[in-house]
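Written below as structure tokens is the structure these notes are about.
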Amino acid sequence: MTSGQVASFSRSIIDYVLEFKPFLLARTVAFYLPIDNEVDTSYLLNSHKIKTKKLCLPVVRPKQKLVFAHFKPGDPLQKGAYGIKEPSSSDWLEIGSIDLFLLPLVGFDPEGTRLGYGGGYYDRALSTVKTDRKKPVIVGLAFQFQGVAQLPNATHDVPLHHVVTENGVQSFI
């Protein structure tokens, strides 16, 4: 995809997220800052709808542990593992207090299986909370072409509840 397509489709995806009922109901939202050609979530930070939300970003800790640090637009960021920007604060949130997770992905299938980058960080983190239909809501952000017919699904994989693409929301529950 060209950088223009990534920007245009990312804006459309974020527009869908901002009107998505689980986002509107969420008090605490975990999101990510993009690398390479991932869906650009920085458009969220320009919306007045996030002013009522508590935001957090993932931080990679030793032993491949993923934690979530409180974040406000304008907070300082530092390069963390894999060169990914993360909050410099150690103001961690309890993972069970997060209502909505917006996750990056490489691919997804019609069953809600998510293919990440292979580190298992999100699966390990999310396996520590009991996921159900209400909390936390797990949403993948993707470009439509990342959808495939079927992905391998291991027992430790945490499925998506929804995926949001430039074409809208697809639900798996």
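In the structure tokens, the first chain shown is A, the next is B, and so on; residue numbers restart at 1 for each chain, and ligands run from 1 in the order shown.
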Selection near Gly116 (chain A), 12 Å with only C-alpha atoms, sequence-local residues under 4 positions removed, as a ChimeraX atom specification = /A:38,103-108,120-123,140-142,146,151-153,157-160
Can those selected residues be exported to a file as a tab-separated table (two decimals), in the first residue's frame so that it contains C-alpha atoms?
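Heads up, here's the output in out_36.tsv:
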chain	number	residue	atom	x	y	z
A	38	GLU	CA	-0.06	-0.81	10.43
A	103	LEU	CA	-4.84	-4.51	18.55
A	104	PRO	CA	-2.55	-4.46	15.53
A	105	LEU	CA	-2.38	-7.56	13.37
A	106	VAL	CA	-0.85	-9.13	10.30
A	107	GLY	CA	-3.93	-11.16	9.36
A	108	PHE	CA	-7.36	-12.28	10.54
A	120	GLY	CA	2.60	-13.91	21.54
A	121	TYR	CA	2.73	-10.75	23.69
A	122	TYR	CA	-0.96	-9.89	23.43
A	123	ASP	CA	-2.07	-13.52	23.79
A	140	GLY	CA	-8.35	-5.92	15.71
A	141	LEU	CA	-7.60	-2.98	13.43
A	142	ALA	CA	-6.79	-4.08	9.90
A	146	GLN	CA	-5.41	-8.70	5.59
A	151	LEU	CA	-5.43	-19.11	10.00
A	152	PRO	CA	-3.91	-21.69	12.34
A	153	ASN	CA	-5.48	-21.45	15.78
A	157	ASP	CA	-4.53	-17.85	20.99
A	158	VAL	CA	-6.99	-15.25	22.27
A	159	PRO	CA	-9.64	-14.61	19.59
A	160	LEU	CA	-10.87	-11.23	18.45
task = Within region 42-136 of chain A, find each residue whose DSSP state, derived from the backbone, is strand (DSSP E or B), and express the selection as number ranges by chain.
result = A: 54-61, 65-71, 77-79, 85-87, 92-93, 100-103, 107-108, 114-115
request  = Using only C-alpha atoms, determine which residues lie at most 8 Å from Val139 (chain A), disregarding the query and same-chain residues fewer than 3 positions distant; provide the list as a list in words.
outcome  = Leu100, Phe101, Leu102, Leu103, Leu160, His161, His162, Val163 and Val164 of chain A
Once you have the residues from the selection above, write them out as a PDB file, in the first residue's frame, restricted to N, CA and C atoms.
ATOM      1  N   LEU A 100     -11.529  -1.993  26.624  1.00  0.00           N
ATOM      2  CA  LEU A 100     -11.431  -2.209  25.174  1.00  0.00           C
ATOM      3  C   LEU A 100      -9.970  -2.241  24.759  1.00  0.00           C
ATOM      4  N   PHE A 101      -9.605  -3.258  24.002  1.00  0.00           N
ATOM      5  CA  PHE A 101      -8.260  -3.370  23.438  1.00  0.00           C
ATOM      6  C   PHE A 101      -8.355  -3.204  21.927  1.00  0.00           C
ATOM      7  N   LEU A 102      -7.582  -2.283  21.383  1.00  0.00           N
ATOM      8  CA  LEU A 102      -7.447  -2.115  19.941  1.00  0.00           C
ATOM      9  C   LEU A 102      -6.075  -2.674  19.578  1.00  0.00           C
ATOM     10  N   LEU A 103      -6.073  -3.769  18.806  1.00  0.00           N
ATOM     11  CA  LEU A 103      -4.841  -4.508  18.548  1.00  0.00           C
ATOM     12  C   LEU A 103      -4.389  -4.409  17.098  1.00  0.00           C
ATOM     13  N   LEU A 160     -10.289 -12.561  18.541  1.00  0.00           N
ATOM     14  CA  LEU A 160     -10.869 -11.226  18.446  1.00  0.00           C
ATOM     15  C   LEU A 160     -12.377 -11.315  18.616  1.00  0.00           C
ATOM     16  N   HIS A 161     -12.973 -10.299  19.188  1.00  0.00           N
ATOM     17  CA  HIS A 161     -14.434 -10.179  19.197  1.00  0.00           C
ATOM     18  C   HIS A 161     -14.909  -9.496  17.916  1.00  0.00           C
ATOM     19  N   HIS A 162     -14.101  -8.555  17.427  1.00  0.00           N
ATOM     20  CA  HIS A 162     -14.445  -7.778  16.239  1.00  0.00           C
ATOM     21  C   HIS A 162     -13.158  -7.396  15.513  1.00  0.00           C
ATOM     22  N   VAL A 163     -13.296  -7.076  14.248  1.00  0.00           N
ATOM     23  CA  VAL A 163     -12.217  -6.432  13.503  1.00  0.00           C
ATOM     24  C   VAL A 163     -12.831  -5.229  12.800  1.00  0.00           C
ATOM     25  N   VAL A 164     -12.079  -4.143  12.741  1.00  0.00           N
ATOM     26  CA  VAL A 164     -12.537  -2.937  12.044  1.00  0.00           C
ATOM     27  C   VAL A 164     -11.585  -2.709  10.882  1.00  0.00           C
TER      28      VAL A 164
END
If we count only C-alpha atoms, what is near region 11-13 of chain A at a cut-off of 9 Å, once residues fewer than 6 positions away on the same chain are taken out, given as a short mmCIF file (atom, residue, chain, number, x, y, z; two decimals) with N, CA and C atoms, in the first residue's frame?
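The resulting file, selection19.cif, is shown below:
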data_model
loop_
_atom_site.label_atom_id
_atom_site.label_comp_id
_atom_site.auth_asym_id
_atom_site.auth_seq_id
_atom_site.Cartn_x
_atom_site.Cartn_y
_atom_site.Cartn_z
N VAL A 39 -2.33 -0.01 10.72
CA VAL A 39 -3.37 1.01 10.82
C VAL A 39 -2.88 2.09 11.78
N ASP A 40 -2.94 3.33 11.34
CA ASP A 40 -2.43 4.45 12.11
C ASP A 40 -3.47 4.90 13.13
N THR A 41 -3.20 4.59 14.38
CA THR A 41 -4.12 4.93 15.47
C THR A 41 -3.95 6.36 15.98
N TYR A 43 -4.77 8.94 14.70
CA TYR A 43 -5.98 9.71 14.39
C TYR A 43 -6.95 9.71 15.56
N LEU A 44 -6.87 8.68 16.42
CA LEU A 44 -7.70 8.66 17.62
C LEU A 44 -7.42 9.88 18.50
N LEU A 141 -7.53 -4.04 14.44
CA LEU A 141 -7.60 -2.98 13.43
C LEU A 141 -6.79 -3.46 12.24
N ALA A 142 -7.44 -3.49 11.07
CA ALA A 142 -6.79 -4.08 9.90
C ALA A 142 -7.28 -3.44 8.62
N PHE A 143 -6.51 -3.64 7.59
CA PHE A 143 -6.94 -3.31 6.24
C PHE A 143 -7.65 -4.54 5.70
N VAL A 164 -12.08 -4.14 12.74
CA VAL A 164 -12.54 -2.94 12.04
C VAL A 164 -11.58 -2.71 10.88
N THR A 165 -12.16 -2.62 9.68
CA THR A 165 -11.39 -2.33 8.47
C THR A 165 -11.96 -1.06 7.85
N GLU A 166 -11.38 -0.67 6.74
CA GLU A 166 -11.89 0.51 6.02
C GLU A 166 -13.30 0.29 5.49
N ASN A 167 -13.76 -0.98 5.50
CA ASN A 167 -15.12 -1.30 5.03
C ASN A 167 -16.13 -1.40 6.17
N GLY A 168 -15.68 -1.25 7.40
CA GLY A 168 -16.60 -1.32 8.53
C GLY A 168 -16.20 -2.34 9.57
N VAL A 169 -17.16 -2.70 10.43
CA VAL A 169 -16.93 -3.60 11.56
C VAL A 169 -17.41 -5.00 11.19
#
request  = May I have all residues of chain A that DSSP, computed from the backbone, assigns to helix (DSSP H, G or I), given as a ChimeraX atom specification?
outcome  = /A:3-19,21-25,41-46,48-50,81-83,95-97,121-126,144-146
request  = Could you check which of A:Asp99, A:Asp91, A:Asp15, A:Glu86 is closest to Pro136 (chain A), using only C-alpha atoms?
outcome  =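 Between A:Asp99, A:Asp91, A:Asp15, A:Glu86, the residue approaching Pro136 (chain A) most closely is A:Asp99.
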Env of Leu77 (chain A): 7 Å cut, atoms = only C-alpha atoms, seq-sep filter 4 positions within chain, self excluded. Answer as a compact mmCIF listing (two decimals) with N, CA and C atoms, in the first residue's frame.
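What landed in around_32.txt:
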# COMPACT_ATOMS: atom_id res chain seq x y z
N LYS A 85 7.51 2.92 19.91
CA LYS A 85 7.36 3.99 20.91
C LYS A 85 6.41 3.55 22.01
N GLU A 86 6.80 3.88 23.24
CA GLU A 86 5.97 3.54 24.40
C GLU A 86 6.12 4.63 25.45
N PRO A 87 5.17 4.72 26.37
CA PRO A 87 5.27 5.73 27.42
C PRO A 87 6.52 5.52 28.27
N SER A 88 7.11 6.61 28.70
CA SER A 88 8.27 6.51 29.59
C SER A 88 7.83 6.33 31.04
Polymer residues at most 10 Å from Leu25 (chain A), only C-alpha atoms, same-chain spacing of 2 or more positions, as a VMD selection string = chain A and resid 20 to 23 27 to 28 53 99 to 100
inquiry  = Can you tell me which residues surround Ala149 (chain A) at a distance of at most 10 Å, considering only C-alpha atoms, apart from same-chain residues fewer than 6 positions away, and format the answer as a PyMOL selection string?
reply    = chain A and resi 108-111
task = Grab the CA of Thr155 (chain A) to CA of Leu126 (chain A) distance for me, in Å with one decimal place.
result =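 Between CA of Thr155 (chain A) and CA of Leu126 (chain A) the gap is 13.1 Å.
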query = Smallest atom-to-atom distance to Ala30 (chain A): which of A:Phe71, A:Tyr117, A:Phe172, A:Phe145, using only C-alpha atoms?
reply =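 Of the candidates, the smallest distance to Ala30 (chain A) is held by A:Phe71.
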ask   = How many Å lie between CA of Glu19 (chain A) and CA of Ile50 (chain A), rounded to one decimal?
value =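 Computing it gives 11.6 Å between the two atoms.
Nearest to Asn46 (chain A) of all the residues A:Thr113, A:Lys65, A:Tyr32, A:Leu18 is A:Leu18, based on only C-alpha atoms.
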request  = Point out the residue among A:Gln150, A:Leu24, A:Ser97, A:Asn37 with the least atom-to-atom distance to Phe9 (chain A), counting only C-alpha atoms.
outcome  =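 Closest candidate: A:Asn37.
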